[in-house]
Amino acid sequence: MSLPTQSPKKVFIKTWGCQMNVYDSQRMQDVVKPLGYAPAEDMADADLVIFNTCHIREKATDKLFSELGRVRPHQKTKAENGGRMIVAVAGCVAQAEGAEIQRRAPYVDMVFGPQTYHQLPEMIARVSRNTGAVLNTEFPPEPKFDHLPQDRANPGVTAFLSIQEGCDKFCTFCVVPYTRGAEYSRSVAAIIAEAENLVQNGAREIMLLGQNVNAFHGEGIDGQSWRLGRLIYRLAKISRLKRIRYMTSHPRDMDDELIAAHRDIPQLMPFLHLPVQSGSDSILQAMNRKHTADDYRSTIDKLRNAQPNMALSSDFIVGFPGETDEDFKATLDLVREITFAQSFSFKYSCRPGTPAAAMQNQIDEKLKDTRLLELQSILRTQQEKFNHSMIGRTLPVLFENPSGREGMLFGRSPYMQAVRVAGSPRLVGEELPATITDAGGNSLTGSLQLADAA
Ligand code: SF4
């Protein structure tokens, strides 16, 4: 007698926010895979739907409730057909507003914070046994990383690897210290094991992730505390690992060893996202950034001395409470002086529960709009200029996947620029020289040597 076959279950994960959340979603996929969940293309087909949320941007909660409104009819249809769709909310909005989510959307089965997704099998089992909805927003004593599957199949050419989580800096505009908890660094041995597994499974570039990645201070293989620079020297010994990057960094944690790694390690890409947020010391102080504009300039000087090709990217917040015309001008001055290859700039918006949200001297929205436009125009010009400076140069490009158009490949330059060239799909995973023939605001076009392209 043959056993009845069960159709495989499916999981659909929608992710908002930063690379940390993308990494978390990939790891949630790894955690539920042994339970028989394969990825679903469409939310309607899924047996488990997870919304992995981000609290950084404005209207995060509104976006979540609009998605929950969309999933509810699918959940009902599934139930009418005798099935079950488990709906879960994960990530930082879950952490910050778990009880509110359960109150407004009682059909949500599980609400869990970023520190607990290794407990997904247990949470799914509890929901499946109909023992009620799960709210799990603790910061458990045992780190989740110790409980995640070791093998990361099909990581892609560029893989994320989370090495640090949480933050102790308490910038006054930011929710991360409240939603992700205190700074925690993984052990060097665990990171090396995961990196080796990623490379074995096809990764050629690893992006080391952390909310405050250069505050890394994990236990080293010699029992001492290792900083990020030392970790990178060690990771560079993994053969077939061609590129290492890290984000997001804090200016205060750019120590000498990390700067030296940019000088010494060819695999460490000459591109750094180092948020400064503002060029005004009084605003930096109100933000509790714990550094001045000159501290930032001096760190950039050291980086450029160590690695003359270094290209930079930053985050900027305009219209932070109390920002005067003079403060804003200080930001523009800093931007013109340093020049950025890429940047992310936003209007300040209140995050409930953060100190800046309670500040009395909030800035008028129209003034924020005007300032943002002015800043973005300068940043866009700098980015275009940087991209145009690549025309005629030959750059090593790591090819990540076939591009949308047939016969084209998509890859990245050392400076994180998107590069498209004509070439065979068998070149995915290869790093090859491409001569840049054209440049736009967001991407480059290039060509391979004939012998390489075939
Ligand atoms: S350092 Fe980054 S993550 Fe930490 S509080 Fe500041 S902005 Fe948030």
# chains A, B, ... in the order shown; residues from 1 in each chain; ligands from 1

call {"tool": "closest_atom_pairs", "arguments": {"of": "region 61-159 of chain A", "to": "region 27-42 of chain A", "cutoff": "9 Å", "atoms": "only C-alpha atoms", "output": "Markdown table"}}
result
| residue | atom | partner | partner_atom | distance |
| --- | --- | --- | --- | --- |
| A:Tyr117 | CA | A:Met28 | CA | 6.6 |
| A:His118 | CA | A:Val31 | CA | 6.7 |
| A:Gln119 | CA | A:Val31 | CA | 8.7 |
| A:Leu120 | CA | A:Val31 | CA | 7.2 |
| A:Pro121 | CA | A:Val32 | CA | 6.7 |
| A:Leu148 | CA | A:Val31 | CA | 6.5 |
| A:Pro149 | CA | A:Val31 | CA | 6.4 |
| A:Asp151 | CA | A:Asp30 | CA | 8.4 |
| A:Arg152 | CA | A:Asp30 | CA | 7.1 |
| A:Ala153 | CA | A:Asp30 | CA | 8.5 |

call {"tool": "residues_near_ligand", "arguments": {"ligand": "ligand 1", "cutoff": "7 Å", "atoms": "only C-alpha atoms and all ligand atoms", "output": "PyMOL selection string"}}
result
chain A and resi 167-171+174-177+211-212+250+289

call {"tool": "write_last_selection", "arguments": {"atoms": "N, CA and C atoms", "output": "CSV table (one decimal), in the first residue's frame"}}
result
chain,number,residue,atom,x,y,z
A,167,CYS,N,21.9,47.9,18.7
A,167,CYS,CA,22.7,49.1,18.7
A,167,CYS,C,22.6,49.7,20.1
A,168,ASP,N,23.8,50.2,20.6
A,168,ASP,CA,23.8,50.9,21.8
A,168,ASP,C,24.0,52.4,21.7
A,169,LYS,N,23.9,52.9,20.4
A,169,LYS,CA,24.2,54.3,20.2
A,169,LYS,C,23.1,55.3,20.6
A,170,PHE,N,21.9,54.9,20.4
A,170,PHE,CA,20.7,55.7,20.8
A,170,PHE,C,20.7,57.0,20.1
A,171,CYS,N,20.9,57.1,18.8
A,171,CYS,CA,20.6,58.3,18.0
A,171,CYS,C,19.2,58.7,18.3
A,174,CYS,N,16.1,57.4,16.1
A,174,CYS,CA,16.1,56.0,15.6
A,174,CYS,C,15.5,55.0,16.5
A,175,VAL,N,14.7,54.1,16.0
A,175,VAL,CA,14.0,53.1,16.8
A,175,VAL,C,14.9,51.8,17.0
A,176,VAL,N,16.0,51.7,16.3
A,176,VAL,CA,16.7,50.4,16.3
A,176,VAL,C,17.1,49.9,17.7
A,177,PRO,N,17.6,50.8,18.5
A,177,PRO,CA,18.0,50.3,19.9
A,177,PRO,C,16.8,49.7,20.7
A,211,GLN,N,23.4,46.3,12.2
A,211,GLN,CA,22.9,47.7,12.3
A,211,GLN,C,24.0,48.6,12.6
A,212,ASN,N,25.0,48.1,13.3
A,212,ASN,CA,26.2,49.0,13.6
A,212,ASN,C,27.4,48.1,13.4
A,250,HIS,N,29.1,53.1,11.6
A,250,HIS,CA,29.0,54.3,12.3
A,250,HIS,C,30.4,55.0,12.3
A,289,ARG,N,24.8,61.8,17.8
A,289,ARG,CA,25.6,61.0,17.0
A,289,ARG,C,27.0,60.7,17.6

call {"tool": "atom_distance", "arguments": {"atom1": "CA of Lys242 (chain A)", "atom2": "CA of Asn21 (chain A)"}}
result
24.2 Å

call {"tool": "residues_around", "arguments": {"residues": "region 233-239 of chain A", "least_positions_apart": "5", "cutoff": "10 Å", "atoms": "only C-alpha atoms", "output": "list in words"}}
result
Val188, Ile191, Ile192, Ala195, Glu196, Val199, Gln200, Arg204, Ile206, Leu228, Ile244, Glu257, Leu258, Ala260, Ala261, His262, Asp264, Ile265, Pro266, Gln267 and Leu268 of chain A

call {"tool": "closest_residue", "arguments": {"among": "A:Ser162, A:Thr116, A:Ser66, A:Ser128", "to": "Leu48 (chain A)", "atoms": "only C-alpha atoms"}}
result
A:Ser128

call {"tool": "closest_atom_pairs", "arguments": {"of": "region 158-256 of chain A", "to": "region 400-423 of chain A", "cutoff": "12 Å", "atoms": "only C-alpha atoms", "output": "JSON lines"}}
result
{"residue": "A:Thr158", "atom": "CA", "partner": "A:Glu400", "partner_atom": "CA", "distance": 6.9}
{"residue": "A:Ala159", "atom": "CA", "partner": "A:Glu400", "partner_atom": "CA", "distance": 10.4}
{"residue": "A:Gly202", "atom": "CA", "partner": "A:Glu400", "partner_atom": "CA", "distance": 10.8}
{"residue": "A:Ala203", "atom": "CA", "partner": "A:Glu400", "partner_atom": "CA", "distance": 9.6}
{"residue": "A:Arg204", "atom": "CA", "partner": "A:Glu400", "partner_atom": "CA", "distance": 9.3}
{"residue": "A:Glu205", "atom": "CA", "partner": "A:Glu400", "partner_atom": "CA", "distance": 9.6}
{"residue": "A:Met207", "atom": "CA", "partner": "A:Met416", "partner_atom": "CA", "distance": 11.5}
{"residue": "A:Lys242", "atom": "CA", "partner": "A:Pro414", "partner_atom": "CA", "distance": 10.8}
{"residue": "A:Arg243", "atom": "CA", "partner": "A:Pro414", "partner_atom": "CA", "distance": 8.5}
{"residue": "A:Ile244", "atom": "CA", "partner": "A:Pro414", "partner_atom": "CA", "distance": 10.0}
{"residue": "A:Arg245", "atom": "CA", "partner": "A:Pro414", "partner_atom": "CA", "distance": 9.7}
{"residue": "A:Tyr246", "atom": "CA", "partner": "A:Met416", "partner_atom": "CA", "distance": 11.9}

call {"tool": "write_last_selection", "arguments": {"atoms": "all heavy atoms", "output": "CSV table (one decimal), in the first residue's frame"}}
result
chain,number,residue,atom,x,y,z
A,158,THR,N,26.1,37.0,-4.7
A,158,THR,CA,26.3,38.0,-3.6
A,158,THR,C,25.5,37.6,-2.4
A,158,THR,O,24.2,37.5,-2.5
A,158,THR,CB,25.9,39.4,-4.1
A,158,THR,OG1,26.8,39.8,-5.1
A,158,THR,CG2,26.0,40.4,-2.9
A,159,ALA,N,26.1,37.3,-1.3
A,159,ALA,CA,25.3,36.8,-0.2
A,159,ALA,C,25.4,37.7,1.0
A,159,ALA,O,26.5,38.3,1.3
A,159,ALA,CB,25.8,35.4,0.2
A,202,GLY,N,28.4,28.7,-3.7
A,202,GLY,CA,28.4,29.5,-4.9
A,202,GLY,C,28.6,31.0,-4.7
A,202,GLY,O,28.7,31.7,-5.7
A,203,ALA,N,28.6,31.5,-3.5
A,203,ALA,CA,28.7,32.9,-3.2
A,203,ALA,C,30.2,33.3,-3.6
A,203,ALA,O,31.1,32.6,-3.3
A,203,ALA,CB,28.4,33.3,-1.8
A,204,ARG,N,30.3,34.5,-4.2
A,204,ARG,CA,31.6,35.0,-4.5
A,204,ARG,C,31.9,36.4,-3.8
A,204,ARG,O,33.0,36.9,-3.8
A,204,ARG,CB,31.8,35.2,-6.0
A,204,ARG,CG,31.8,33.8,-6.8
A,204,ARG,CD,33.1,33.0,-6.4
A,204,ARG,NE,33.0,31.6,-6.8
A,204,ARG,CZ,32.6,30.6,-6.1
A,204,ARG,NH1,32.2,30.8,-4.8
A,204,ARG,NH2,32.5,29.4,-6.6
A,205,GLU,N,30.8,36.9,-3.4
A,205,GLU,CA,30.9,38.2,-2.6
A,205,GLU,C,30.1,38.0,-1.4
A,205,GLU,O,29.0,37.5,-1.4
A,205,GLU,CB,30.3,39.3,-3.5
A,205,GLU,CG,30.2,40.6,-2.7
A,205,GLU,CD,29.7,41.8,-3.6
A,205,GLU,OE1,30.5,42.2,-4.5
A,205,GLU,OE2,28.6,42.3,-3.3
A,207,MET,N,28.5,40.2,1.8
A,207,MET,CA,28.2,41.5,2.5
A,207,MET,C,28.0,41.3,3.9
A,207,MET,O,27.0,40.6,4.3
A,207,MET,CB,27.0,42.1,1.8
A,207,MET,CG,26.4,43.3,2.5
A,207,MET,SD,27.4,44.8,2.2
A,207,MET,CE,26.6,45.4,0.7
A,242,LYS,N,35.8,36.4,-3.6
A,242,LYS,CA,36.5,37.4,-4.3
A,242,LYS,C,36.2,38.8,-3.7
A,242,LYS,O,37.0,39.7,-3.9
A,242,LYS,CB,35.9,37.5,-5.8
A,242,LYS,CG,36.3,36.2,-6.6
A,242,LYS,CD,35.7,36.3,-8.0
A,242,LYS,CE,35.8,35.0,-8.7
A,242,LYS,NZ,37.1,34.6,-9.1
A,243,ARG,N,35.1,39.0,-3.1
A,243,ARG,CA,34.8,40.4,-2.6
A,243,ARG,C,34.2,40.3,-1.2
A,243,ARG,O,33.3,39.5,-0.9
A,243,ARG,CB,33.7,41.0,-3.5
A,243,ARG,CG,34.3,41.3,-4.9
A,243,ARG,CD,33.3,42.0,-5.8
A,243,ARG,NE,33.9,42.5,-7.0
A,243,ARG,CZ,33.3,43.3,-7.9
A,243,ARG,NH1,32.1,43.7,-7.6
A,243,ARG,NH2,33.9,43.7,-9.0
A,244,ILE,N,34.6,41.3,-0.4
A,244,ILE,CA,34.0,41.5,0.9
A,244,ILE,C,33.5,43.0,1.0
A,244,ILE,O,34.2,43.9,0.6
A,244,ILE,CB,35.0,41.2,2.0
A,244,ILE,CG1,35.6,39.8,1.9
A,244,ILE,CG2,34.5,41.5,3.4
A,244,ILE,CD1,36.8,39.5,2.8
A,245,ARG,N,32.3,43.1,1.6
A,245,ARG,CA,31.8,44.5,1.9
A,245,ARG,C,31.2,44.4,3.2
A,245,ARG,O,30.9,43.3,3.8
A,245,ARG,CB,30.7,44.9,0.8
A,245,ARG,CG,31.1,44.9,-0.6
A,245,ARG,CD,30.0,45.3,-1.5
A,245,ARG,NE,30.2,45.2,-2.9
A,245,ARG,CZ,30.8,46.1,-3.7
A,245,ARG,NH1,31.2,47.2,-3.2
A,245,ARG,NH2,30.9,45.8,-5.0
A,246,TYR,N,30.9,45.6,3.8
A,246,TYR,CA,30.2,45.6,5.1
A,246,TYR,C,29.3,46.8,5.2
A,246,TYR,O,29.6,47.9,4.6
A,246,TYR,CB,31.2,45.5,6.2
A,246,TYR,CG,32.2,46.7,6.3
A,246,TYR,CD1,31.9,47.8,7.0
A,246,TYR,CD2,33.3,46.6,5.5
A,246,TYR,CE1,32.8,48.8,7.1
A,246,TYR,CE2,34.3,47.7,5.6
A,246,TYR,CZ,34.0,48.8,6.3
A,246,TYR,OH,34.9,49.8,6.4

call {"tool": "residues_around", "arguments": {"residues": "region 282-286 of chain A", "least_positions_apart": "5", "cutoff": "12 Å", "atoms": "only C-alpha atoms", "output": "PyMOL selection string"}}
result
chain A and resi 170-173+251+275-277+291-296+316-331+355-357+359+361

call {"tool": "write_last_selection", "arguments": {"atoms": "N, CA, C and O atoms", "output": "compact mmCIF listing (two decimals), in the first residue's frame"}}
result
# COMPACT_ATOMS: atom_id res chain seq x y z
N PHE A 170 21.87 54.85 20.43
CA PHE A 170 20.71 55.68 20.79
C PHE A 170 20.71 57.04 20.10
O PHE A 170 20.59 58.08 20.77
N CYS A 171 20.86 57.05 18.79
CA CYS A 171 20.62 58.29 18.05
C CYS A 171 19.18 58.68 18.32
O CYS A 171 18.29 57.81 18.36
N THR A 172 18.93 59.98 18.49
CA THR A 172 17.62 60.39 19.02
C THR A 172 16.47 60.21 18.03
O THR A 172 15.31 60.31 18.41
N PHE A 173 16.81 59.95 16.74
CA PHE A 173 15.74 59.79 15.74
C PHE A 173 15.41 58.33 15.46
O PHE A 173 14.52 58.04 14.68
N PRO A 251 30.46 56.31 12.00
CA PRO A 251 31.77 56.97 11.90
C PRO A 251 32.66 56.76 13.13
O PRO A 251 33.88 56.65 13.00
N PRO A 275 27.25 56.67 7.03
CA PRO A 275 26.27 57.75 7.23
C PRO A 275 26.82 58.86 8.12
O PRO A 275 27.38 58.59 9.18
N VAL A 276 26.61 60.10 7.66
CA VAL A 276 27.01 61.25 8.49
C VAL A 276 25.76 61.97 9.01
O VAL A 276 25.80 62.61 10.04
N GLN A 277 24.67 61.89 8.28
CA GLN A 277 23.35 62.45 8.64
C GLN A 277 23.27 63.96 8.53
O GLN A 277 22.31 64.50 8.01
N HIS A 291 29.74 62.28 17.36
CA HIS A 291 30.93 62.72 16.60
C HIS A 291 30.61 64.08 16.00
O HIS A 291 29.44 64.47 15.90
N THR A 292 31.65 64.80 15.61
CA THR A 292 31.45 66.10 14.98
C THR A 292 31.66 65.96 13.47
O THR A 292 32.12 64.91 12.99
N ALA A 293 31.35 67.04 12.74
CA ALA A 293 31.57 67.03 11.29
C ALA A 293 33.07 66.88 11.00
O ALA A 293 33.46 66.18 10.06
N ASP A 294 33.91 67.52 11.82
CA ASP A 294 35.36 67.40 11.59
C ASP A 294 35.87 65.99 11.90
O ASP A 294 36.80 65.52 11.25
N ASP A 295 35.27 65.33 12.89
CA ASP A 295 35.65 63.92 13.14
C ASP A 295 35.40 63.11 11.86
O ASP A 295 36.20 62.27 11.47
N TYR A 296 34.24 63.38 11.24
CA TYR A 296 33.89 62.64 10.02
C TYR A 296 34.89 62.95 8.91
O TYR A 296 35.40 62.05 8.24
N PHE A 316 21.60 61.05 4.75
CA PHE A 316 21.39 62.40 5.26
C PHE A 316 19.94 62.55 5.73
O PHE A 316 19.04 62.06 5.07
N ILE A 317 19.79 63.23 6.85
CA ILE A 317 18.44 63.60 7.31
C ILE A 317 18.35 65.12 7.25
O ILE A 317 19.19 65.81 7.86
N VAL A 318 17.39 65.65 6.50
CA VAL A 318 17.21 67.11 6.49
C VAL A 318 15.97 67.45 7.31
O VAL A 318 15.03 66.66 7.40
N GLY A 319 16.01 68.66 7.90
CA GLY A 319 14.85 69.12 8.68
C GLY A 319 14.74 68.44 10.02
O GLY A 319 13.63 68.31 10.56
N PHE A 320 15.88 68.02 10.58
CA PHE A 320 15.85 67.50 11.95
C PHE A 320 15.40 68.65 12.86
O PHE A 320 15.70 69.81 12.59
N PRO A 321 14.67 68.34 13.97
CA PRO A 321 14.20 69.42 14.84
C PRO A 321 15.30 70.43 15.17
O PRO A 321 16.40 70.03 15.57
N GLY A 322 14.98 71.69 14.99
CA GLY A 322 15.92 72.76 15.32
C GLY A 322 16.90 73.09 14.22
O GLY A 322 17.74 73.99 14.39
N GLU A 323 16.83 72.43 13.06
CA GLU A 323 17.81 72.69 11.99
C GLU A 323 17.60 74.11 11.41
O GLU A 323 16.55 74.40 10.85
N THR A 324 18.61 74.96 11.56
CA THR A 324 18.52 76.32 11.01
C THR A 324 19.07 76.33 9.59
O THR A 324 19.67 75.34 9.13
N ASP A 325 18.91 77.49 8.91
CA ASP A 325 19.49 77.63 7.56
C ASP A 325 21.00 77.38 7.62
O ASP A 325 21.59 76.78 6.72
N GLU A 326 21.60 77.87 8.68
CA GLU A 326 23.06 77.73 8.84
C GLU A 326 23.46 76.25 9.00
O GLU A 326 24.44 75.81 8.42
N ASP A 327 22.66 75.55 9.81
CA ASP A 327 22.93 74.11 9.98
C ASP A 327 22.83 73.38 8.64
O ASP A 327 23.67 72.55 8.30
N PHE A 328 21.79 73.73 7.90
CA PHE A 328 21.59 73.07 6.61
C PHE A 328 22.75 73.40 5.66
O PHE A 328 23.25 72.53 4.94
N LYS A 329 23.18 74.66 5.70
CA LYS A 329 24.31 75.07 4.84
C LYS A 329 25.56 74.27 5.20
O LYS A 329 26.34 73.87 4.32
N ALA A 330 25.74 73.99 6.50
CA ALA A 330 26.91 73.20 6.93
C ALA A 330 26.86 71.80 6.30
O ALA A 330 27.90 71.21 5.95
N THR A 331 25.65 71.25 6.15
CA THR A 331 25.51 69.94 5.49
C THR A 331 25.90 70.05 4.02
O THR A 331 26.67 69.22 3.50
N PRO A 355 13.41 60.04 21.30
CA PRO A 355 13.51 61.37 21.92
C PRO A 355 13.23 62.51 20.94
O PRO A 355 12.61 63.50 21.30
N ALA A 356 13.66 62.38 19.67
CA ALA A 356 13.48 63.49 18.73
C ALA A 356 12.01 63.75 18.44
O ALA A 356 11.63 64.88 18.12
N ALA A 357 11.18 62.73 18.57
CA ALA A 357 9.75 62.90 18.29
C ALA A 357 9.12 63.86 19.31
O ALA A 357 8.12 64.52 19.01
N MET A 359 10.73 66.42 20.62
CA MET A 359 11.36 67.75 20.59
C MET A 359 10.35 68.78 20.10
O MET A 359 9.57 68.52 19.18
N ASN A 361 10.93 71.80 18.71
CA ASN A 361 11.31 72.67 17.59
C ASN A 361 11.26 71.94 16.24
O ASN A 361 12.22 71.95 15.49

call {"tool": "select_by_dssp", "arguments": {"residues": "region 258-404 of chain A", "states": "strand (DSSP E)", "output": "list in words"}}
result
Phe271, Leu272, His273, Ala311, Leu312, Ser313, Ser314, Asp315, Phe316, Ile317, Val318, Gln342, Ser343, Phe344, Ser345, Phe346, Lys347, Thr394, Leu395, Pro396, Val397, Leu398, Phe399, Glu400, Asn401 and Pro402 of chain A

call {"tool": "closest_residue", "arguments": {"among": "A:Arg297, A:His55, A:Arg263, A:His147", "to": "Met310 (chain A)", "atoms": "only C-alpha atoms"}}
result
A:Arg263

call {"tool": "atom_distance", "arguments": {"atom1": "CA of Ala79 (chain A)", "atom2": "CA of Pro8 (chain A)"}}
result
17.3 Å

call {"tool": "residues_around", "arguments": {"residues": "Ala105 (chain A)", "least_positions_apart": "5", "cutoff": "12 Å", "atoms": "only C-alpha atoms", "output": "count of residues only"}}
result
19

call {"tool": "atom_distance", "arguments": {"atom1": "CA of Ile391 (chain A)", "atom2": "CA of Ala434 (chain A)"}}
result
10.7 Å

call {"tool": "select_by_dssp", "arguments": {"residues": "region 33-94 of chain A", "states": "helix (DSSP H, G or I)", "output": "ChimeraX atom specification"}}
result
/A:33-35,43-45,60-80,91-94

call {"tool": "write_last_selection", "arguments": {"atoms": "N, CA, C and O atoms", "output": "compact mmCIF listing (two decimals), in the first residue's frame"}}
result
# COMPACT_ATOMS: atom_id res chain seq x y z
N LYS A 33 12.17 25.66 5.95
CA LYS A 33 12.36 24.65 4.89
C LYS A 33 12.27 23.21 5.42
O LYS A 33 11.56 22.38 4.85
N PRO A 34 12.95 22.91 6.55
CA PRO A 34 12.84 21.53 7.06
C PRO A 34 11.42 21.14 7.47
O PRO A 34 11.13 19.97 7.64
N LEU A 35 10.54 22.12 7.65
CA LEU A 35 9.14 21.81 7.98
C LEU A 35 8.34 21.54 6.72
O LEU A 35 7.13 21.34 6.77
N MET A 43 1.19 35.26 -2.97
CA MET A 43 0.66 35.23 -1.60
C MET A 43 -0.57 34.31 -1.48
O MET A 43 -0.72 33.57 -0.49
N ALA A 44 -1.43 34.32 -2.53
CA ALA A 44 -2.68 33.56 -2.48
C ALA A 44 -2.44 32.05 -2.36
O ALA A 44 -3.28 31.32 -1.84
N ASP A 45 -1.27 31.58 -2.86
CA ASP A 45 -0.99 30.13 -2.83
C ASP A 45 -0.37 29.66 -1.51
O ASP A 45 -0.15 28.47 -1.32
N ALA A 60 5.18 53.08 8.12
CA ALA A 60 5.47 51.65 8.13
C ALA A 60 4.23 50.87 8.60
O ALA A 60 3.87 49.85 8.02
N THR A 61 3.58 51.37 9.63
CA THR A 61 2.42 50.67 10.18
C THR A 61 1.26 50.69 9.19
O THR A 61 0.58 49.69 9.01
N ASP A 62 1.05 51.85 8.53
CA ASP A 62 -0.04 51.94 7.54
C ASP A 62 0.17 50.92 6.43
O ASP A 62 -0.76 50.25 5.98
N LYS A 63 1.45 50.81 5.95
CA LYS A 63 1.75 49.86 4.86
C LYS A 63 1.43 48.44 5.31
O LYS A 63 0.87 47.65 4.55
N LEU A 64 1.78 48.14 6.56
CA LEU A 64 1.53 46.80 7.06
C LEU A 64 0.03 46.51 7.08
O LEU A 64 -0.41 45.46 6.60
N PHE A 65 -0.76 47.45 7.62
CA PHE A 65 -2.20 47.17 7.71
C PHE A 65 -2.84 47.09 6.34
O PHE A 65 -3.79 46.35 6.14
N SER A 66 -2.30 47.82 5.38
CA SER A 66 -2.87 47.69 4.03
C SER A 66 -2.56 46.30 3.46
O SER A 66 -3.42 45.66 2.84
N GLU A 67 -1.35 45.76 3.72
CA GLU A 67 -1.03 44.39 3.26
C GLU A 67 -1.88 43.35 4.00
O GLU A 67 -2.32 42.36 3.42
N LEU A 68 -2.11 43.60 5.29
CA LEU A 68 -2.94 42.65 6.06
C LEU A 68 -4.36 42.63 5.51
O LEU A 68 -5.00 41.58 5.43
N GLY A 69 -4.83 43.80 5.06
CA GLY A 69 -6.16 43.87 4.43
C GLY A 69 -6.19 43.04 3.15
O GLY A 69 -7.20 42.43 2.82
N ARG A 70 -5.07 43.02 2.44
CA ARG A 70 -5.01 42.26 1.17
C ARG A 70 -4.97 40.75 1.41
O ARG A 70 -5.52 39.97 0.64
N VAL A 71 -4.29 40.36 2.50
CA VAL A 71 -4.12 38.92 2.73
C VAL A 71 -5.39 38.29 3.31
O VAL A 71 -5.65 37.10 3.09
N ARG A 72 -6.18 39.07 4.01
CA ARG A 72 -7.34 38.52 4.72
C ARG A 72 -8.29 37.74 3.80
O ARG A 72 -8.67 36.61 4.13
N PRO A 73 -8.69 38.27 2.61
CA PRO A 73 -9.60 37.49 1.74
C PRO A 73 -8.97 36.15 1.32
O PRO A 73 -9.68 35.14 1.25
N HIS A 74 -7.65 36.12 1.07
CA HIS A 74 -6.99 34.86 0.70
C HIS A 74 -7.05 33.87 1.86
O HIS A 74 -7.26 32.67 1.68
N GLN A 75 -6.87 34.38 3.06
CA GLN A 75 -6.92 33.52 4.25
C GLN A 75 -8.32 32.91 4.39
O GLN A 75 -8.46 31.72 4.68
N LYS A 76 -9.36 33.76 4.12
CA LYS A 76 -10.74 33.27 4.23
C LYS A 76 -11.02 32.21 3.17
O LYS A 76 -11.60 31.16 3.45
N THR A 77 -10.59 32.47 1.91
CA THR A 77 -10.83 31.52 0.82
C THR A 77 -10.20 30.18 1.16
O THR A 77 -10.79 29.11 0.96
N LYS A 78 -8.98 30.23 1.67
CA LYS A 78 -8.28 29.01 2.03
C LYS A 78 -9.08 28.22 3.08
O LYS A 78 -9.23 27.00 2.99
N ALA A 79 -9.59 28.94 4.08
CA ALA A 79 -10.35 28.28 5.14
C ALA A 79 -11.64 27.68 4.58
O ALA A 79 -12.03 26.56 4.95
N GLU A 80 -12.29 28.41 3.64
CA GLU A 80 -13.54 27.90 3.05
C GLU A 80 -13.29 26.61 2.26
O GLU A 80 -14.16 25.76 2.14
N GLY A 91 9.65 41.27 12.40
CA GLY A 91 10.47 42.47 12.22
C GLY A 91 10.18 43.57 13.22
O GLY A 91 9.55 43.36 14.26
N CYS A 92 10.62 44.78 12.86
CA CYS A 92 10.67 45.86 13.85
C CYS A 92 9.30 46.43 14.18
O CYS A 92 9.07 46.87 15.31
N VAL A 93 8.34 46.45 13.22
CA VAL A 93 7.00 46.95 13.56
C VAL A 93 6.35 45.96 14.52
O VAL A 93 5.67 46.35 15.48
N ALA A 94 6.58 44.67 14.29
CA ALA A 94 6.05 43.64 15.19
C ALA A 94 6.60 43.85 16.60
O ALA A 94 5.87 43.79 17.60

call {"tool": "residues_around", "arguments": {"residues": "region 252-255 of chain A", "least_positions_apart": "5", "cutoff": "8 Å", "atoms": "only C-alpha atoms", "output": "PyMOL selection string"}}
result
chain A and resi 214-215+290-291+299

call {"tool": "write_last_selection", "arguments": {"atoms": "all heavy atoms", "output": "CSV table (one decimal), in the first residue's frame"}}
result
chain,number,residue,atom,x,y,z
A,214,ASN,N,30.4,48.0,12.2
A,214,ASN,CA,31.8,48.2,12.6
A,214,ASN,C,32.0,48.4,14.1
A,214,ASN,O,33.1,48.6,14.6
A,214,ASN,CB,32.5,49.3,11.8
A,214,ASN,CG,31.8,50.6,12.0
A,214,ASN,OD1,30.6,50.7,12.4
A,214,ASN,ND2,32.4,51.7,11.6
A,215,ALA,N,30.8,48.2,14.9
A,215,ALA,CA,31.0,48.1,16.3
A,215,ALA,C,31.2,46.6,16.7
A,215,ALA,O,31.2,46.2,17.9
A,215,ALA,CB,29.7,48.6,17.0
A,290,LYS,N,27.4,61.5,18.6
A,290,LYS,CA,28.6,61.3,19.3
A,290,LYS,C,29.9,61.5,18.4
A,290,LYS,O,30.9,60.9,18.6
A,290,LYS,CB,28.7,59.9,19.9
A,290,LYS,CG,27.5,59.6,20.9
A,290,LYS,CD,27.7,58.2,21.6
A,290,LYS,CE,26.6,57.9,22.6
A,290,LYS,NZ,25.4,57.4,22.0
A,291,HIS,N,29.7,62.3,17.4
A,291,HIS,CA,30.9,62.7,16.6
A,291,HIS,C,30.6,64.1,16.0
A,291,HIS,O,29.4,64.5,15.9
A,291,HIS,CB,31.3,61.7,15.5
A,291,HIS,CG,30.2,61.6,14.4
A,291,HIS,ND1,30.1,62.5,13.4
A,291,HIS,CD2,29.2,60.7,14.3
A,291,HIS,CE1,29.1,62.1,12.6
A,291,HIS,NE2,28.5,61.0,13.1
A,299,THR,N,38.1,61.1,9.5
A,299,THR,CA,38.0,59.7,9.2
A,299,THR,C,38.1,59.5,7.7
A,299,THR,O,38.7,58.5,7.2
A,299,THR,CB,36.7,59.1,9.7
A,299,THR,OG1,36.6,59.3,11.1
A,299,THR,CG2,36.5,57.6,9.4
